[in-house]
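Below is protein-v7.json, which holds JSON, C-alpha atoms.
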```
[["chain", "number", "residue", "atom", "x", "y", "z"],
["A", 167, "LEU", "CA", -51.96, 2.15, -11.28],
["A", 168, "VAL", "CA", -51.42, 5.45, -9.54],
["A", 169, "LYS", "CA", -53.68, 7.76, -7.62],
["A", 170, "ALA", "CA", -53.38, 11.40, -6.63],
["A", 171, "TYR", "CA", -53.20, 12.05, -2.92],
["A", 172, "THR", "CA", -52.21, 14.70, -0.41],
["A", 173, "THR", "CA", -50.22, 13.75, 2.63],
["A", 174, "PRO", "CA", -49.60, 15.54, 5.93],
["A", 175, "ASP", "CA", -47.46, 12.58, 7.11],
["A", 176, "ARG", "CA", -44.52, 13.28, 9.39],
["A", 177, "LEU", "CA", -42.36, 12.12, 6.48],
["A", 178, "ASP", "CA", -42.95, 14.61, 3.70],
["A", 179, "PHE", "CA", -43.21, 12.76, 0.38],
["A", 180, "TYR", "CA", -40.60, 15.00, -1.22],
["A", 181, "ASN", "CA", -38.16, 15.42, 1.64],
["A", 182, "VAL", "CA", -36.03, 12.61, 0.20],
["A", 183, "PHE", "CA", -34.74, 15.18, -2.29],
["A", 184, "SER", "CA", -32.91, 18.42, -1.64],
["A", 185, "GLU", "CA", -34.02, 21.97, -2.31],
["A", 186, "ARG", "CA", -32.14, 21.84, -5.62],
["A", 187, "ASP", "CA", -35.03, 19.76, -7.00],
["A", 188, "ASN", "CA", -37.17, 22.92, -7.01],
["A", 189, "VAL", "CA", -40.31, 21.36, -5.56],
["A", 190, "ALA", "CA", -43.04, 23.97, -5.12],
["A", 191, "ASP", "CA", -43.82, 24.82, -1.51],
["A", 192, "LEU", "CA", -47.41, 23.83, -0.78],
["A", 193, "GLY", "CA", -47.20, 24.24, 2.98],
["A", 194, "PRO", "CA", -47.69, 21.06, 5.04],
["A", 195, "TYR", "CA", -49.22, 19.23, 2.07],
["A", 196, "ARG", "CA", -47.76, 17.89, -1.15],
["A", 197, "LEU", "CA", -49.69, 16.72, -4.18],
["A", 198, "ALA", "CA", -48.11, 13.63, -5.69],
["A", 199, "PHE", "CA", -48.89, 10.44, -7.54],
["A", 200, "TYR", "CA", -48.65, 7.33, -5.45],
["A", 201, "ARG", "CA", -48.49, 4.00, -7.23],
["A", 202, "VAL", "CA", -50.76, 1.49, -5.56],
["A", 203, "ILE", "CA", -50.02, -1.65, -7.58],
["A", 204, "SER", "CA", -46.42, -2.83, -7.63],
["A", 205, "LEU", "CA", -44.94, -5.93, -9.28],
["A", 206, "LYS", "CA", -41.32, -6.86, -8.72],
["A", 207, "GLY", "CA", -39.19, -6.89, -11.83],
["A", 208, "LYS", "CA", -41.83, -5.12, -13.94],
["A", 209, "ASP", "CA", -40.40, -1.61, -13.65],
["A", 210, "ASP", "CA", -38.31, 0.21, -16.23],
["A", 211, "LEU", "CA", -36.00, 2.08, -13.89],
["A", 212, "SER", "CA", -34.18, 3.59, -16.85],
["A", 213, "ASP", "CA", -37.09, 6.04, -17.08],
["A", 214, "PRO", "CA", -35.98, 8.98, -14.87],
["A", 215, "LYS", "CA", -39.54, 9.99, -13.96],
["A", 216, "LEU", "CA", -40.57, 6.49, -12.94],
["A", 217, "LEU", "CA", -37.28, 6.10, -11.07],
["A", 218, "MET", "CA", -37.95, 9.25, -9.03],
["A", 219, "VAL", "CA", -41.53, 8.27, -8.18],
["A", 220, "GLU", "CA", -40.56, 4.70, -7.28],
["A", 221, "TYR", "CA", -37.60, 5.86, -5.21],
["A", 222, "SER", "CA", -39.48, 8.47, -3.18],
["A", 223, "GLN", "CA", -42.35, 6.05, -2.56],
["A", 224, "THR", "CA", -39.93, 3.30, -1.51],
["A", 225, "VAL", "CA", -38.13, 5.60, 0.95],
["A", 226, "ARG", "CA", -41.42, 6.55, 2.59],
["A", 227, "ALA", "CA", -42.48, 2.91, 2.95],
["A", 228, "ASN", "CA", -39.05, 1.82, 4.21],
["A", 229, "LEU", "CA", -38.94, 4.43, 6.95],
["A", 230, "MET", "CA", -42.52, 4.10, 8.12],
["A", 231, "PHE", "CA", -43.26, 0.38, 7.81],
["A", 232, "PHE", "CA", -40.32, -1.88, 6.88],
["A", 233, "GLU", "CA", -38.17, -3.77, 9.35],
["A", 234, "TYR", "CA", -34.44, -4.05, 8.59],
["A", 235, "GLU", "CA", -31.32, -5.38, 10.21],
["A", 236, "GLU", "CA", -29.10, -2.51, 11.34],
["A", 237, "LYS", "CA", -26.44, -3.02, 8.64],
["A", 238, "ASP", "CA", -29.07, -2.96, 5.88],
["A", 239, "ALA", "CA", -30.72, 0.14, 7.37],
["A", 240, "ILE", "CA", -27.32, 1.89, 7.43],
["A", 241, "GLU", "CA", -26.66, 1.01, 3.79],
["A", 242, "LEU", "CA", -30.03, 2.33, 2.66],
["A", 243, "ALA", "CA", -29.63, 5.48, 4.75],
["A", 244, "ALA", "CA", -26.24, 6.18, 3.15],
["A", 245, "LEU", "CA", -27.68, 5.80, -0.35],
["A", 246, "GLN", "CA", -30.54, 8.10, 0.61],
["A", 247, "LEU", "CA", -28.13, 10.71, 1.96],
["A", 248, "LYS", "CA", -26.16, 10.65, -1.28],
["A", 249, "VAL", "CA", -29.37, 11.12, -3.28],
["A", 250, "LYS", "CA", -30.58, 14.03, -1.15],
["A", 251, "GLU", "CA", -27.24, 15.85, -0.90],
["A", 252, "GLY", "CA", -25.97, 15.15, -4.42],
["A", 253, "THR", "CA", -22.34, 15.38, -3.30],
["A", 254, "ILE", "CA", -20.92, 14.09, -0.02],
["A", 255, "SER", "CA", -18.24, 16.43, 1.33],
["A", 256, "SER", "CA", -15.73, 15.68, 4.08],
["A", 257, "VAL", "CA", -16.09, 19.32, 5.16],
["A", 258, "THR", "CA", -19.90, 19.52, 5.32],
["A", 259, "HIS", "CA", -20.95, 15.97, 6.12],
["A", 260, "THR", "CA", -19.31, 15.44, 9.48],
["A", 261, "ARG", "CA", -20.46, 14.35, 12.94],
["A", 262, "GLY", "CA", -23.56, 16.30, 13.95],
["A", 263, "PHE", "CA", -24.86, 16.76, 10.41],
["A", 264, "LEU", "CA", -27.61, 14.17, 10.95],
["A", 265, "SER", "CA", -28.18, 14.67, 14.67],
["A", 266, "GLU", "CA", -31.45, 16.59, 14.22],
["A", 267, "ASN", "CA", -32.93, 14.61, 11.35],
["A", 268, "LEU", "CA", -31.76, 11.03, 11.81],
["A", 269, "HIS", "CA", -35.44, 10.02, 11.75],
["A", 270, "GLU", "CA", -35.51, 10.92, 8.05],
["A", 271, "TYR", "CA", -32.93, 8.21, 7.31],
["A", 272, "MET", "CA", -33.38, 5.38, 9.83],
["A", 273, "PRO", "CA", -36.59, 3.28, 9.82],
["A", 274, "ASP", "CA", -39.16, 3.57, 12.58],
["A", 275, "SER", "CA", -38.54, -0.09, 13.46],
["A", 276, "GLN", "CA", -35.01, 0.84, 14.60],
["A", 277, "LEU", "CA", -35.92, 4.19, 16.15],
["A", 278, "MET", "CA", -38.67, 2.64, 18.29],
["A", 279, "ARG", "CA", -36.13, 0.26, 19.81],
["A", 280, "TYR", "CA", -33.00, 2.36, 20.13],
["A", 281, "GLY", "CA", -33.94, 5.97, 19.33],
["A", 282, "ASP", "CA", -33.50, 7.10, 22.97],
["A", 283, "ASN", "CA", -30.03, 5.58, 23.22],
["A", 284, "THR", "CA", -27.58, 8.37, 22.37],
["A", 285, "GLU", "CA", -24.64, 6.00, 22.07],
["A", 286, "VAL", "CA", -26.48, 3.93, 19.47],
["A", 287, "THR", "CA", -27.78, 6.90, 17.46],
["A", 288, "ASN", "CA", -24.33, 8.53, 17.43],
["A", 289, "GLN", "CA", -22.90, 5.31, 16.03],
["A", 290, "TRP", "CA", -25.64, 5.19, 13.39],
["A", 291, "GLU", "CA", -24.74, 8.68, 12.28],
["A", 292, "ALA", "CA", -21.03, 7.84, 12.07],
["A", 293, "ASP", "CA", -21.73, 4.67, 10.10],
["A", 294, "ILE", "CA", -24.09, 6.44, 7.67],
["A", 295, "LEU", "CA", -21.61, 9.26, 7.03],
["A", 296, "ASN", "CA", -18.72, 6.83, 6.54],
["A", 297, "ARG", "CA", -20.69, 4.66, 4.15],
["A", 298, "ALA", "CA", -21.96, 7.72, 2.24],
["A", 299, "ALA", "CA", -18.33, 8.87, 1.85],
["A", 300, "ASP", "CA", -17.47, 5.45, 0.39],
["A", 301, "ILE", "CA", -20.37, 5.76, -2.06],
["A", 302, "GLU", "CA", -19.14, 9.23, -3.06],
["A", 303, "SER", "CA", -15.66, 7.79, -3.69],
["A", 304, "SER", "CA", -17.17, 5.13, -5.95],
["A", 305, "LYS", "CA", -18.40, 7.89, -8.31],
["A", 306, "LYS", "CA", -21.93, 6.54, -8.38],
["A", 307, "SER", "CA", -24.45, 8.98, -9.79],
["A", 308, "VAL", "CA", -27.59, 10.03, -7.93],
["A", 309, "ASN", "CA", -29.72, 7.96, -10.34],
["A", 310, "GLU", "CA", -27.52, 4.91, -9.79],
["A", 311, "CYS", "CA", -27.96, 5.33, -6.03],
["A", 312, "MET", "CA", -31.73, 5.59, -6.39],
["A", 313, "GLU", "CA", -31.80, 2.43, -8.49],
["A", 314, "GLU", "CA", -29.59, 0.55, -6.02],
["A", 315, "TYR", "CA", -31.81, 1.71, -3.14],
["A", 316, "ILE", "CA", -34.89, 0.33, -4.89],
["A", 317, "LYS", "CA", -33.26, -2.99, -5.76],
["A", 318, "LYS", "CA", -32.08, -3.51, -2.19],
["A", 319, "SER", "CA", -35.55, -2.67, -0.93],
["A", 320, "GLN", "CA", -37.09, -5.23, -3.27],
["A", 321, "GLU", "CA", -35.42, -7.95, -1.18],
["A", 322, "ASN", "CA", -37.79, -7.07, 1.67],
["A", 323, "VAL", "CA", -40.98, -9.15, 1.80],
["A", 324, "LEU", "CA", -43.01, -5.95, 2.31],
["A", 325, "TYR", "CA", -41.84, -4.27, -0.88],
["A", 326, "GLY", "CA", -44.73, -2.87, -2.90],
["A", 327, "CYS", "CA", -47.24, -3.12, -0.05],
["A", 328, "THR", "CA", -50.26, -0.94, 0.38],
["A", 329, "PHE", "CA", -50.82, -0.58, 4.12],
["A", 330, "PHE", "CA", -54.02, -0.55, 6.17],
["A", 331, "GLU", "CA", -54.54, -0.01, 9.88],
["A", 332, "VAL", "CA", -56.45, -2.94, 11.37],
["A", 333, "SER", "CA", -57.06, -4.46, 14.78],
["A", 334, "MET", "CA", -57.79, -7.95, 16.08],
["A", 335, "ILE", "CA", -59.59, -9.06, 19.23],
["A", 336, "ARG", "CA", -57.77, -11.72, 21.25],
["A", 337, "GLU", "CA", -58.87, -12.75, 24.73],
["A", 338, "GLU", "CA", -61.17, -9.71, 24.87],
["A", 339, "GLN", "CA", -58.28, -7.32, 24.16],
["A", 340, "ASP", "CA", -57.91, -5.12, 21.10],
["A", 341, "TYR", "CA", -54.49, -5.43, 19.41],
["A", 342, "ALA", "CA", -53.42, -2.86, 16.82],
["A", 343, "TYR", "CA", -51.75, -4.02, 13.61],
["A", 344, "ILE", "CA", -50.92, -2.86, 10.11],
["A", 345, "LEU", "CA", -51.95, -5.09, 7.23],
["A", 346, "GLY", "CA", -49.75, -4.96, 4.13],
["A", 347, "VAL", "CA", -51.04, -6.20, 0.78],
["A", 348, "ASN", "CA", -48.64, -6.79, -2.12],
["A", 349, "SER", "CA", -47.97, -9.18, -4.99],
["A", 350, "THR", "CA", -46.78, -11.98, -2.67],
["A", 351, "GLY", "CA", -49.61, -12.01, -0.11],
["A", 352, "LEU", "CA", -50.86, -10.50, 3.15],
["A", 353, "HIS", "CA", -48.45, -9.34, 5.84],
["A", 354, "VAL", "CA", -49.36, -8.52, 9.46],
["A", 355, "ILE", "CA", -47.16, -5.91, 11.17],
["A", 356, "ASP", "CA", -47.20, -4.88, 14.82],
["A", 357, "ARG", "CA", -48.29, -1.23, 14.81],
["A", 358, "LYS", "CA", -46.23, -0.30, 17.88],
["A", 359, "THR", "CA", -42.90, -1.94, 17.01],
["A", 360, "ARG", "CA", -43.18, -2.29, 13.20],
["A", 361, "ALA", "CA", -42.08, -5.90, 13.61],
["A", 362, "LEU", "CA", -43.40, -8.33, 11.00],
["A", 363, "VAL", "CA", -45.69, -10.75, 12.85],
["A", 364, "VAL", "CA", -46.69, -13.16, 10.09],
["A", 365, "SER", "CA", -47.01, -13.37, 6.30],
["A", 366, "PHE", "CA", -49.64, -15.28, 4.32],
["A", 367, "PRO", "CA", -48.69, -16.12, 0.72],
["A", 368, "TYR", "CA", -51.69, -16.14, -1.60],
["A", 369, "VAL", "CA", -51.36, -19.90, -2.10],
["A", 370, "SER", "CA", -52.12, -20.36, 1.62],
["A", 371, "ILE", "CA", -55.30, -18.24, 1.55],
["A", 372, "MET", "CA", -58.34, -20.37, 0.78],
["A", 373, "ARG", "CA", -61.03, -17.67, 0.82],
["A", 374, "TRP", "CA", -61.74, -14.16, 2.05],
["A", 375, "SER", "CA", -64.66, -11.79, 2.59],
["A", 376, "ARG", "CA", -65.29, -8.26, 3.75],
["A", 377, "SER", "CA", -67.94, -6.02, 5.26],
["A", 378, "SER", "CA", -68.17, -2.37, 6.22],
["A", 379, "LYS", "CA", -66.41, -3.12, 9.52],
["A", 380, "LYS", "CA", -64.37, -6.31, 8.98],
["A", 381, "PHE", "CA", -62.03, -8.17, 6.68],
["A", 382, "ASN", "CA", -61.98, -11.96, 7.06],
["A", 383, "PHE", "CA", -59.83, -14.65, 5.50],
["A", 384, "THR", "CA", -59.22, -18.36, 5.99],
["A", 385, "THR", "CA", -55.86, -20.04, 5.52],
["A", 386, "GLN", "CA", -54.94, -23.66, 4.98],
["A", 387, "GLY", "CA", -55.95, -25.82, 7.92],
["A", 388, "GLU", "CA", -59.17, -23.81, 8.31],
["A", 389, "ASN", "CA", -57.50, -21.09, 10.37],
["A", 390, "HIS", "CA", -59.81, -18.08, 10.48],
["A", 391, "TRP", "CA", -58.58, -14.50, 10.75],
["A", 392, "THR", "CA", -60.87, -11.55, 11.42],
["A", 393, "MET", "CA", -59.56, -8.00, 11.22],
["A", 394, "LEU", "CA", -61.55, -4.97, 12.29],
["A", 395, "THR", "CA", -61.26, -2.23, 9.69],
["A", 396, "LYS", "CA", -63.41, 0.15, 7.67],
["A", 397, "GLN", "CA", -61.18, -0.48, 4.66],
["A", 398, "GLY", "CA", -62.27, -4.03, 3.90],
["A", 399, "GLU", "CA", -63.40, -3.08, 0.40],
["A", 400, "GLU", "CA", -60.02, -1.55, -0.40],
["A", 401, "ILE", "CA", -58.17, -4.61, 0.90],
["A", 402, "ASN", "CA", -60.44, -6.85, -1.16],
["A", 403, "LYS", "CA", -59.77, -4.75, -4.27],
["A", 404, "PHE", "CA", -56.00, -5.03, -3.99],
["A", 405, "MET", "CA", -56.10, -8.75, -3.23],
["A", 406, "GLY", "CA", -58.34, -9.32, -6.23],
["A", 407, "ILE", "CA", -56.00, -7.44, -8.57],
["A", 408, "TYR", "CA", -52.92, -9.35, -7.42],
["A", 409, "VAL", "CA", -54.61, -12.76, -7.42],
["A", 410, "ARG", "CA", -55.99, -12.21, -10.93],
["A", 411, "PHE", "CA", -52.56, -11.16, -12.14],
["A", 412, "LEU", "CA", -50.94, -14.26, -10.62],
["A", 413, "LEU", "CA", -53.57, -16.53, -12.16],
["A", 414, "ASP", "CA", -53.26, -14.88, -15.58],
["A", 415, "ASN", "CA", -49.47, -15.25, -15.50],
["A", 416, "LYS", "CA", -49.36, -18.73, -14.03],
["A", 417, "ASP", "CA", -46.86, -21.00, -15.84]]
```
Represent the structure of the file as structure tokens.
Amino acid sequence: LVKAYTTPDRLDFYNVFSERDNVADLGPYRLAFYRVISLKGKDDLSDPKLLMVEYSQTVRANLMFFEYEEKDAIELAALQLKVKEGTISSVTHTRGFLSENLHEYMPDSQLMRYGDNTEVTNQWEADILNRAADIESSKKSVNECMEEYIKKSQENVLYGCTFFEVSMIREEQDYAYILGVNSTGLHVIDRKTRALVVSFPYVSIMRWSRSSKKFNFTTQGENHWTMLTKQGEEINKFMGIYVRFLLDNKD
């Protein structure tokens, strides 16, 4: 399933590609198709159009929501740089090339922790450029790099998530979270740090309900979770689709 949408996000949907891709300039907005249902292993990445859509969507999710170890973030950033630049040159791609736009390659989860540390960010840039040069030497094509980027991203528990801003009241305080819904379950992410707080596989969720202001679910052991959100109906819709799919394809 895909839906048309316009996005003024800080991460432009198409900025993962270079100007050579001849994307029409629509000002601060881009019209694109955003797939909202994702099932691991069900994609035909040999289709160039699907590959491009899946890749650009995966980059956006990785940078804005996913949490990675530094070495994995560097590897993904190097693949992304190769895709965007097409060719990595020892003349052009040297220290300072990424200094102004490192946020387009490293995930928010890393930038929120270390983005103000110049020593760390300089090392990130050096590592990304060195790894990108290695990828260039391997003669991998841009499409091969996009496919590898997707496959590495699929190892993350949040892959394929649709994300919703929610909050929870604990001890009379309002805590801000992001709720991710994908084919494996529900995932609660800290909105400030992008750290994954907890995941709930569908087999652990006994029941759920929604209203115009809340989304509720109960896990094994009668643990009740209430999330404040105006998107309860949307969350319910995605959960229903995934649960039905899992039941229909149960061995």
Quote the spacing between CA of Arg376 (chain A) and CA of Phe404 (chain A) in Å to one decimal place.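 Computing the Euclidean distance for CA of Arg376 (chain A) and CA of Phe404 (chain A) yields 12.5 Å.
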Ranking A:Cys311, A:Met278, A:Val347, A:Ala244 by minimum distance to Leu324 (chain A) and counting only C-alpha atoms, which one comes first?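 Using only C-alpha atoms, Leu324 (chain A) sits closest to A:Val347.
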Please determine, counting only C-alpha atoms, which residue among A:Lys358, A:Lys248, A:Arg373, A:Lys403 has the shortest atom-to-atom distance to Arg297 (chain A).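 Of A:Lys358, A:Lys248, A:Arg373, A:Lys403, the one nearest Arg297 (chain A), counting only C-alpha atoms, is A:Lys248.
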With all atoms listed in the file as the atoms that count, which of A:Leu264, A:Ile344, A:Ala292, A:Val409 lies nearest to Thr359 (chain A)?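 Residue with the minimum atom-to-atom distance to Thr359 (chain A): A:Ile344.
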Using only C-alpha atoms, which protein or nucleic acid residues come within 10 Å of Asp238 (chain A)? Drop anything in the same chain fewer than 5 positions from it, and give the result as a ChimeraX atom specification. /A:233,243-244,318-319
Next, dump the selected residues to file, keeping only C-alpha atoms, as a short mmCIF file (atom, residue, chain, number, x, y, z; two decimals), in the coordinates of the input.
```cif
data_model
loop_
_atom_site.label_atom_id
_atom_site.label_comp_id
_atom_site.auth_asym_id
_atom_site.auth_seq_id
_atom_site.Cartn_x
_atom_site.Cartn_y
_atom_site.Cartn_z
CA GLU A 233 -38.17 -3.77 9.35
CA ALA A 243 -29.63 5.48 4.75
CA ALA A 244 -26.24 6.18 3.15
CA LYS A 318 -32.08 -3.51 -2.19
CA SER A 319 -35.55 -2.67 -0.93
#
```
Long-range neighbours of Leu242 (chain A) as a PyMOL selection string, 12 Å cut-off, all atoms listed in the file, 2 positions minimum in chain: chain A and resi 221+224-225+228-229+232+234-240+244-249+270-273+290+293-295+297-298+301+311-320
Polymer residues at most 9 Å from (-46.0, 0.4, 14.8) by all atoms listed in the file, as a list in words: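 Residues lying no farther than 9 Å from the given point: Met230, Phe231, Asp274, Ser275, Met278, Ala342, Tyr343, Ile344, Ile355, Asp356, Arg357, Lys358, Thr359, Arg360 and Ala361 of chain A.
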Which is closest to Ser304 (chain A) among A:Thr253, A:Asn322, A:Thr284, A:Met334, if we use only C-alpha atoms?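 So, comparing all the options, the nearest one is A:Thr253.
For the atom pair formed by CA of Phe381 (chain A) and CA of Leu394 (chain A), the distance is 6.5 Å, given to one decimal.
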Please compute the CA of Asn348 (chain A)-CA of Thr328 (chain A) distance, one decimal, in Å.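 One can read the CA of Asn348 (chain A) to CA of Thr328 (chain A) distance as 6.6 Å.
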Could you give me, as a ChimeraX atom specification, the residues within 12 Å of Pro214 (chain A), counting only C-alpha atoms and dropping anything in the same chain fewer than 4 positions from it? /A:209-210,218-221,308-310,312-313
Find the spatial neighbours of Phe330 (chain A), counting only C-alpha atoms, within a cut-off of 10 Å - ignore same-chain residues fewer than 4 positions away - and output them as a list in words.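 Once the nearby chain positions are removed, what remains is Tyr343, Ile344, Leu345, Gly346, Val347, Val354, Thr395, Lys396, Gln397, Gly398, Glu400 and Ile401 of chain A.
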Let me see the file: selected residues, C-alpha atoms, as a short mmCIF file (atom, residue, chain, number, x, y, z; two decimals), in the coordinates of the input.
```cif
data_model
loop_
_atom_site.label_atom_id
_atom_site.label_comp_id
_atom_site.auth_asym_id
_atom_site.auth_seq_id
_atom_site.Cartn_x
_atom_site.Cartn_y
_atom_site.Cartn_z
CA TYR A 343 -51.75 -4.02 13.61
CA ILE A 344 -50.92 -2.86 10.11
CA LEU A 345 -51.95 -5.09 7.23
CA GLY A 346 -49.75 -4.96 4.13
CA VAL A 347 -51.04 -6.20 0.78
CA VAL A 354 -49.36 -8.52 9.46
CA THR A 395 -61.26 -2.23 9.69
CA LYS A 396 -63.41 0.15 7.67
CA GLN A 397 -61.18 -0.48 4.66
CA GLY A 398 -62.27 -4.03 3.90
CA GLU A 400 -60.02 -1.55 -0.40
CA ILE A 401 -58.17 -4.61 0.90
#
```
